[in-house]
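Have a look at coords_33.tsv; it's TSV, N, CA and C atoms:
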```
chain	number	residue	atom	x	y	z
A	265	MET	N	116.58	10.22	18.53
A	265	MET	CA	117.30	8.96	18.49
A	265	MET	C	116.71	7.97	19.50
A	266	ARG	N	116.36	8.48	20.69
A	266	ARG	CA	115.78	7.59	21.71
A	266	ARG	C	114.45	7.03	21.25
A	267	LEU	N	113.65	7.84	20.56
A	267	LEU	CA	112.35	7.40	20.07
A	267	LEU	C	112.53	6.28	19.05
A	268	HIS	N	113.52	6.41	18.21
A	268	HIS	CA	113.81	5.37	17.21
A	268	HIS	C	114.20	4.07	17.92
A	269	HIS	N	115.06	4.17	18.93
A	269	HIS	CA	115.50	3.01	19.70
A	269	HIS	C	114.31	2.34	20.39
A	270	LEU	N	113.44	3.15	20.99
A	270	LEU	CA	112.25	2.63	21.66
A	270	LEU	C	111.34	1.92	20.66
A	271	GLY	N	111.17	2.51	19.49
A	271	GLY	CA	110.34	1.89	18.45
A	271	GLY	C	110.89	0.54	18.02
A	272	CYS	N	112.19	0.45	17.87
A	272	CYS	CA	112.83	-0.82	17.50
A	272	CYS	C	112.62	-1.87	18.59
A	273	CYS	N	112.74	-1.46	19.85
A	273	CYS	CA	112.55	-2.40	20.96
A	273	CYS	C	111.12	-2.91	20.99
A	274	VAL	N	110.15	-2.03	20.74
A	274	VAL	CA	108.74	-2.43	20.74
A	274	VAL	C	108.49	-3.41	19.60
A	275	ILE	N	108.99	-3.11	18.42
A	275	ILE	CA	108.82	-4.01	17.27
A	275	ILE	C	109.47	-5.36	17.56
A	276	PHE	N	110.65	-5.36	18.13
A	276	PHE	CA	111.34	-6.60	18.46
A	276	PHE	C	110.52	-7.41	19.47
A	277	ALA	N	110.00	-6.76	20.50
A	277	ALA	CA	109.22	-7.46	21.53
A	277	ALA	C	107.95	-8.05	20.93
A	278	VAL	N	107.28	-7.31	20.07
A	278	VAL	CA	106.06	-7.82	19.44
A	278	VAL	C	106.39	-9.00	18.53
A	279	THR	N	107.48	-8.89	17.81
A	279	THR	CA	107.89	-9.98	16.91
A	279	THR	C	108.19	-11.25	17.70
A	280	ILE	N	108.92	-11.13	18.79
A	280	ILE	CA	109.28	-12.29	19.61
A	280	ILE	C	108.03	-12.90	20.24
A	281	SER	N	107.14	-12.08	20.79
A	281	SER	CA	105.94	-12.65	21.41
A	281	SER	C	105.04	-13.28	20.36
A	282	GLY	N	104.96	-12.70	19.18
A	282	GLY	CA	104.18	-13.29	18.10
A	282	GLY	C	104.78	-14.59	17.63
A	283	ALA	N	106.09	-14.67	17.57
A	283	ALA	CA	106.75	-15.91	17.17
A	283	ALA	C	106.49	-17.00	18.19
A	284	GLY	N	106.48	-16.65	19.46
A	284	GLY	CA	106.18	-17.63	20.49
A	284	GLY	C	104.77	-18.18	20.35
A	285	THR	N	103.84	-17.31	20.05
A	285	THR	CA	102.46	-17.73	19.86
A	285	THR	C	102.36	-18.63	18.64
A	286	LEU	N	103.03	-18.26	17.57
A	286	LEU	CA	103.00	-19.05	16.35
A	286	LEU	C	103.61	-20.42	16.59
A	287	SER	N	104.74	-20.49	17.27
A	287	SER	CA	105.36	-21.79	17.49
A	287	SER	C	104.51	-22.67	18.39
A	288	ARG	N	103.81	-22.08	19.36
A	288	ARG	CA	102.94	-22.89	20.20
A	288	ARG	C	101.77	-23.43	19.40
A	289	SER	N	101.18	-22.60	18.54
A	289	SER	CA	100.04	-23.07	17.76
A	289	SER	C	100.49	-24.06	16.70
A	290	TRP	N	101.69	-23.91	16.20
A	290	TRP	CA	102.23	-24.82	15.19
A	290	TRP	C	102.97	-25.95	15.87
A	291	GLY	N	103.01	-25.98	17.20
A	291	GLY	CA	103.71	-27.00	17.94
A	291	GLY	C	103.08	-28.36	17.80
A	292	HIS	N	102.06	-28.46	17.01
A	292	HIS	CA	101.43	-29.70	16.60
A	292	HIS	C	100.61	-30.35	17.69
A	293	ASP	N	99.87	-29.53	18.43
A	293	ASP	CA	98.88	-30.06	19.35
A	293	ASP	C	97.67	-30.42	18.50
A	294	VAL	N	97.46	-31.72	18.30
A	294	VAL	CA	96.39	-32.17	17.41
A	294	VAL	C	95.20	-32.75	18.17
A	295	GLY	N	95.20	-32.56	19.50
A	295	GLY	CA	94.08	-33.03	20.29
A	295	GLY	C	94.06	-34.53	20.48
A	296	GLU	N	95.19	-35.18	20.35
A	296	GLU	CA	95.30	-36.62	20.54
A	296	GLU	C	96.43	-36.90	21.54
A	297	PRO	N	96.13	-36.76	22.84
A	297	PRO	CA	97.18	-36.89	23.87
A	297	PRO	C	97.94	-38.21	23.82
A	298	ALA	N	97.25	-39.32	23.60
A	298	ALA	CA	97.95	-40.62	23.57
A	298	ALA	C	98.96	-40.66	22.43
A	299	LEU	N	98.61	-40.10	21.31
A	299	LEU	CA	99.51	-40.05	20.17
A	299	LEU	C	100.68	-39.11	20.44
A	300	GLN	N	100.38	-37.93	20.95
A	300	GLN	CA	101.39	-36.92	21.15
A	300	GLN	C	102.40	-37.26	22.24
A	301	LYS	N	102.09	-38.24	23.09
A	301	LYS	CA	103.03	-38.66	24.14
A	301	LYS	C	104.05	-39.68	23.63
A	302	LEU	N	103.82	-40.24	22.46
A	302	LEU	CA	104.70	-41.27	21.93
A	302	LEU	C	106.03	-40.71	21.43
A	303	PRO	N	107.13	-41.42	21.69
A	303	PRO	CA	108.43	-40.98	21.16
A	303	PRO	C	108.43	-40.83	19.63
A	304	VAL	N	107.72	-41.73	18.93
A	304	VAL	CA	107.71	-41.65	17.46
A	304	VAL	C	107.06	-40.35	17.00
A	305	TRP	N	106.06	-39.84	17.73
A	305	TRP	CA	105.44	-38.56	17.37
A	305	TRP	C	106.45	-37.44	17.49
A	306	ASN	N	107.18	-37.42	18.60
A	306	ASN	CA	108.18	-36.36	18.80
A	306	ASN	C	109.34	-36.48	17.82
A	307	GLN	N	109.78	-37.70	17.55
A	307	GLN	CA	110.90	-37.90	16.63
A	307	GLN	C	110.51	-37.51	15.21
A	308	CYS	N	109.34	-37.92	14.81
A	308	CYS	CA	108.95	-37.72	13.42
A	308	CYS	C	108.23	-36.40	13.19
A	309	CYS	N	107.39	-36.00	14.12
A	309	CYS	CA	106.51	-34.84	13.89
A	309	CYS	C	106.86	-33.66	14.77
A	310	GLY	N	108.01	-33.69	15.42
A	310	GLY	CA	108.40	-32.62	16.33
A	310	GLY	C	108.51	-31.26	15.69
A	311	ASP	N	108.72	-31.23	14.37
A	311	ASP	CA	108.81	-29.95	13.68
A	311	ASP	C	107.45	-29.42	13.27
A	312	GLY	N	106.39	-30.14	13.63
A	312	GLY	CA	105.04	-29.69	13.31
A	312	GLY	C	104.69	-29.83	11.85
A	313	ASP	N	105.34	-30.76	11.16
A	313	ASP	CA	105.11	-30.87	9.72
A	313	ASP	C	104.36	-32.14	9.32
A	314	CYS	N	103.77	-32.84	10.28
A	314	CYS	CA	102.97	-34.02	9.94
A	314	CYS	C	101.55	-33.59	9.65
A	315	VAL	N	100.98	-34.19	8.62
A	315	VAL	CA	99.63	-33.83	8.22
A	315	VAL	C	98.79	-35.09	8.08
A	316	PRO	N	97.49	-35.00	8.41
A	316	PRO	CA	96.63	-36.17	8.20
A	316	PRO	C	96.43	-36.37	6.70
A	317	GLU	N	96.61	-37.59	6.25
A	317	GLU	CA	96.50	-37.92	4.83
A	317	GLU	C	95.66	-39.17	4.66
A	318	ASN	N	95.09	-39.34	3.48
A	318	ASN	CA	94.38	-40.55	3.12
A	318	ASN	C	95.42	-41.57	2.63
A	319	VAL	N	95.69	-42.59	3.44
A	319	VAL	CA	96.73	-43.57	3.12
A	319	VAL	C	96.14	-44.97	3.13
A	320	GLN	N	96.46	-45.73	2.12
A	320	GLN	CA	96.11	-47.14	2.05
A	320	GLN	C	97.39	-47.94	1.92
A	321	ILE	N	97.57	-48.93	2.77
A	321	ILE	CA	98.71	-49.84	2.63
A	321	ILE	C	98.25	-50.96	1.71
A	322	LEU	N	98.86	-51.02	0.52
A	322	LEU	CA	98.41	-51.95	-0.51
A	322	LEU	C	99.06	-53.33	-0.38
A	323	GLY	N	100.23	-53.39	0.21
A	323	GLY	CA	100.90	-54.68	0.38
A	323	GLY	C	102.40	-54.52	0.47
A	324	LYS	N	103.09	-55.64	0.41
A	324	LYS	CA	104.54	-55.63	0.47
A	324	LYS	C	105.11	-55.22	-0.87
A	325	GLY	N	106.17	-54.48	-0.79
A	325	GLY	CA	106.88	-54.07	-1.99
A	325	GLY	C	108.16	-54.86	-2.13
A	326	LEU	N	109.10	-54.28	-2.79
A	326	LEU	CA	110.41	-54.90	-2.98
A	326	LEU	C	111.24	-54.77	-1.71
A	327	ASP	N	112.02	-55.77	-1.42
A	327	ASP	CA	112.92	-55.76	-0.26
A	327	ASP	C	112.20	-55.36	1.02
A	328	LYS	N	112.63	-54.28	1.63
A	328	LYS	CA	112.08	-53.85	2.92
A	328	LYS	C	111.17	-52.64	2.73
A	329	GLN	N	110.28	-52.72	1.75
A	329	GLN	CA	109.37	-51.62	1.47
A	329	GLN	C	107.93	-52.09	1.47
A	330	LEU	N	107.03	-51.11	1.62
A	330	LEU	CA	105.60	-51.35	1.51
A	330	LEU	C	105.06	-50.56	0.32
A	331	ASP	N	104.10	-51.15	-0.36
A	331	ASP	CA	103.40	-50.47	-1.43
A	331	ASP	C	102.26	-49.71	-0.78
A	332	VAL	N	102.26	-48.38	-0.90
A	332	VAL	CA	101.23	-47.54	-0.28
A	332	VAL	C	100.63	-46.60	-1.31
A	333	GLU	N	99.44	-46.14	-0.99
A	333	GLU	CA	98.80	-45.11	-1.80
A	333	GLU	C	98.48	-43.95	-0.88
A	334	ILE	N	99.00	-42.78	-1.20
A	334	ILE	CA	98.79	-41.57	-0.41
A	334	ILE	C	98.06	-40.56	-1.29
A	335	ASN	N	96.84	-40.23	-0.89
A	335	ASN	CA	96.03	-39.29	-1.66
A	335	ASN	C	95.98	-39.64	-3.14
A	336	GLY	N	95.83	-40.93	-3.43
A	336	GLY	CA	95.70	-41.38	-4.82
A	336	GLY	C	97.01	-41.61	-5.55
A	337	VAL	N	98.14	-41.35	-4.90
A	337	VAL	CA	99.45	-41.55	-5.53
A	337	VAL	C	100.08	-42.81	-4.95
A	338	GLU	N	100.37	-43.77	-5.81
A	338	GLU	CA	100.99	-45.01	-5.36
A	338	GLU	C	102.51	-44.86	-5.35
A	339	THR	N	103.12	-45.34	-4.26
A	339	THR	CA	104.57	-45.29	-4.13
A	339	THR	C	105.04	-46.40	-3.20
A	340	TYR	N	106.31	-46.61	-3.13
A	340	TYR	CA	106.90	-47.58	-2.20
A	340	TYR	C	107.62	-46.82	-1.10
A	341	VAL	N	107.40	-47.24	0.15
A	341	VAL	CA	107.98	-46.58	1.31
A	341	VAL	C	108.70	-47.61	2.15
A	342	ASP	N	109.86	-47.26	2.68
A	342	ASP	CA	110.61	-48.16	3.57
A	342	ASP	C	109.73	-48.56	4.74
A	343	LYS	N	109.73	-49.86	5.06
A	343	LYS	CA	108.89	-50.37	6.16
A	343	LYS	C	109.18	-49.68	7.48
A	344	ASP	N	110.46	-49.34	7.71
A	344	ASP	CA	110.82	-48.73	9.00
A	344	ASP	C	110.31	-47.30	9.14
A	345	LYS	N	109.72	-46.74	8.09
A	345	LYS	CA	109.12	-45.41	8.17
A	345	LYS	C	107.65	-45.47	8.57
A	346	VAL	N	107.09	-46.68	8.65
A	346	VAL	CA	105.67	-46.86	8.93
A	346	VAL	C	105.50	-47.40	10.35
A	347	SER	N	104.71	-46.69	11.16
A	347	SER	CA	104.50	-47.10	12.56
A	347	SER	C	103.02	-47.06	12.93
A	348	PRO	N	102.55	-48.08	13.65
A	348	PRO	CA	101.17	-48.03	14.16
A	348	PRO	C	101.10	-47.12	15.38
A	349	VAL	N	100.04	-46.32	15.46
A	349	VAL	CA	99.88	-45.39	16.57
A	349	VAL	C	98.41	-45.35	17.02
A	350	PRO	N	98.17	-44.89	18.25
A	350	PRO	CA	96.79	-44.77	18.75
A	350	PRO	C	96.12	-43.50	18.23
A	351	SER	N	95.63	-43.59	17.01
A	351	SER	CA	94.96	-42.45	16.38
A	351	SER	C	93.89	-42.98	15.44
A	352	ASN	N	92.90	-42.16	15.17
A	352	ASN	CA	91.89	-42.51	14.18
A	352	ASN	C	92.29	-42.03	12.79
A	353	ARG	N	93.40	-41.30	12.72
A	353	ARG	CA	93.86	-40.74	11.44
A	353	ARG	C	95.23	-41.30	11.09
A	354	THR	N	95.54	-41.24	9.82
A	354	THR	CA	96.89	-41.57	9.36
A	354	THR	C	97.62	-40.27	9.11
A	355	TRP	N	98.84	-40.19	9.64
A	355	TRP	CA	99.66	-38.99	9.54
A	355	TRP	C	100.86	-39.27	8.64
A	356	VAL	N	101.17	-38.32	7.77
A	356	VAL	CA	102.36	-38.42	6.93
A	356	VAL	C	103.22	-37.19	7.21
A	357	CYS	N	104.49	-37.44	7.44
A	357	CYS	CA	105.43	-36.35	7.70
A	357	CYS	C	106.41	-36.30	6.53
A	358	TYR	N	106.42	-35.18	5.86
A	358	TYR	CA	107.26	-34.99	4.68
A	358	TYR	C	108.53	-34.24	5.03
A	359	ILE	N	109.60	-34.59	4.38
A	359	ILE	CA	110.86	-33.86	4.55
A	359	ILE	C	110.71	-32.47	3.95
A	360	SER	N	110.08	-32.41	2.78
A	360	SER	CA	109.80	-31.15	2.11
A	360	SER	C	108.28	-31.06	1.91
A	361	PRO	N	107.56	-30.42	2.86
A	361	PRO	CA	106.10	-30.34	2.74
A	361	PRO	C	105.69	-29.74	1.39
A	362	GLY	N	104.70	-30.36	0.78
A	362	GLY	CA	104.25	-29.91	-0.52
A	362	GLY	C	105.06	-30.50	-1.66
A	363	GLY	N	106.08	-31.27	-1.32
A	363	GLY	CA	106.92	-31.89	-2.34
A	363	GLY	C	106.32	-33.19	-2.84
A	364	ALA	N	107.12	-33.95	-3.54
A	364	ALA	CA	106.68	-35.19	-4.16
A	364	ALA	C	106.29	-36.23	-3.12
A	365	ILE	N	105.28	-37.02	-3.46
A	365	ILE	CA	104.88	-38.14	-2.61
A	365	ILE	C	105.74	-39.33	-3.04
A	366	ARG	N	106.94	-39.38	-2.46
A	366	ARG	CA	107.92	-40.43	-2.77
A	366	ARG	C	108.69	-40.79	-1.51
A	367	ASN	N	109.21	-41.98	-1.47
A	367	ASN	CA	109.95	-42.48	-0.32
A	367	ASN	C	111.02	-41.48	0.14
A	368	GLU	N	111.71	-40.88	-0.80
A	368	GLU	CA	112.79	-39.94	-0.47
A	368	GLU	C	112.29	-38.70	0.25
A	369	ASN	N	111.01	-38.37	0.08
A	369	ASN	CA	110.46	-37.17	0.69
A	369	ASN	C	109.59	-37.47	1.92
A	370	ILE	N	109.47	-38.75	2.29
A	370	ILE	CA	108.62	-39.11	3.42
A	370	ILE	C	109.50	-39.47	4.62
A	371	ARG	N	109.31	-38.73	5.71
A	371	ARG	CA	110.04	-39.01	6.95
A	371	ARG	C	109.41	-40.18	7.67
A	372	CYS	N	108.07	-40.19	7.75
A	372	CYS	CA	107.37	-41.30	8.40
A	372	CYS	C	105.90	-41.28	8.06
A	373	ILE	N	105.27	-42.43	8.27
A	373	ILE	CA	103.82	-42.57	8.16
A	373	ILE	C	103.35	-43.19	9.47
A	374	LEU	N	102.43	-42.51	10.14
A	374	LEU	CA	101.87	-43.01	11.38
A	374	LEU	C	100.43	-43.39	11.09
A	375	HIS	N	100.13	-44.68	11.20
A	375	HIS	CA	98.78	-45.14	10.85
A	375	HIS	C	98.08	-45.76	12.06
A	376	PRO	N	96.75	-45.76	12.05
A	376	PRO	CA	96.01	-46.31	13.19
A	376	PRO	C	96.39	-47.77	13.46
A	377	GLN	N	96.65	-48.04	14.72
A	377	GLN	CA	97.03	-49.40	15.11
A	377	GLN	C	95.80	-50.30	15.10
A	378	SER	N	96.03	-51.59	14.91
A	378	SER	CA	94.94	-52.57	14.94
A	378	SER	C	94.47	-52.75	16.37
A	379	GLY	N	93.20	-53.07	16.53
A	379	GLY	CA	92.69	-53.40	17.86
A	379	GLY	C	92.37	-52.21	18.72
A	380	GLY	N	91.99	-51.12	18.12
A	380	GLY	CA	91.57	-49.97	18.92
A	380	GLY	C	92.42	-48.76	18.68
A	381	THR	N	91.75	-47.62	18.69
A	381	THR	CA	92.45	-46.35	18.51
A	381	THR	C	91.97	-45.40	19.57
A	382	ASN	N	92.52	-44.25	19.54
A	382	ASN	CA	92.24	-43.14	20.42
A	382	ASN	C	90.99	-43.33	21.21
```

Mind turning this structure into structure tokens?
Amino acid sequence: MRLHHLGCCVIFAVTISGAGTLSRSWGHDVGEPALQKLPVWNQCCGDGDCVPENVQILGKGLDKQLDVEINGVETYVDKDKVSPVPSNRTWVCYISPGGAIRNENIRCILHPQSGGTN
């Protein structure tokens, strides 16, 4: 019985230490300190679900939206979801990663700011 208990403790300890390693690596360290220090990065990408995407801002959409193209898919996104950041890449954070490229599934778009990046 003691051996079984010891085995469970070892498995639990390995699982916890492995989860810690996984969360640190998935903690979204993207090698861009200026970007990662911004509140918008933590608010939007804190779950580690932002990915670099090919994004073109095509123009103004209806009401308070922008017409954007993400990886060849054109959609309208609320203007308040789009923020300029000090990066050479454009980041898109999805509510449901791998889901539809639509306003309802986009948490935010972080695009390179004008006048200099990283």

- Item | Distance in Å - atom CA of Glu296 of chain A versus atom CA of Gly362 of chain A | 23.8 Å

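Across the model, the gap from atom CA of Val315 of chain A to atom CA of Ala364 of chain A is 14.3 Å.
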
- Message: Set the distance at 7 Å and use all atoms listed in the file: which residues neighbour Ile373 of chain A once local chain neighbours fewer than 2 positions away are removed? I'd like the list as a count of residues only.
- Response: 11

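Rounded to one decimal, atom CA of Val332 of chain A and atom CA of Cys314 of chain A lie 17.0 Å from each other.
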
- Task: Give the strand (DSSP E) residues of segment 286-333 of chain A, as DSSP finds them on the backbone, and put them as a ChimeraX atom specification.
- Result: /A:314-316,319-324,329-333
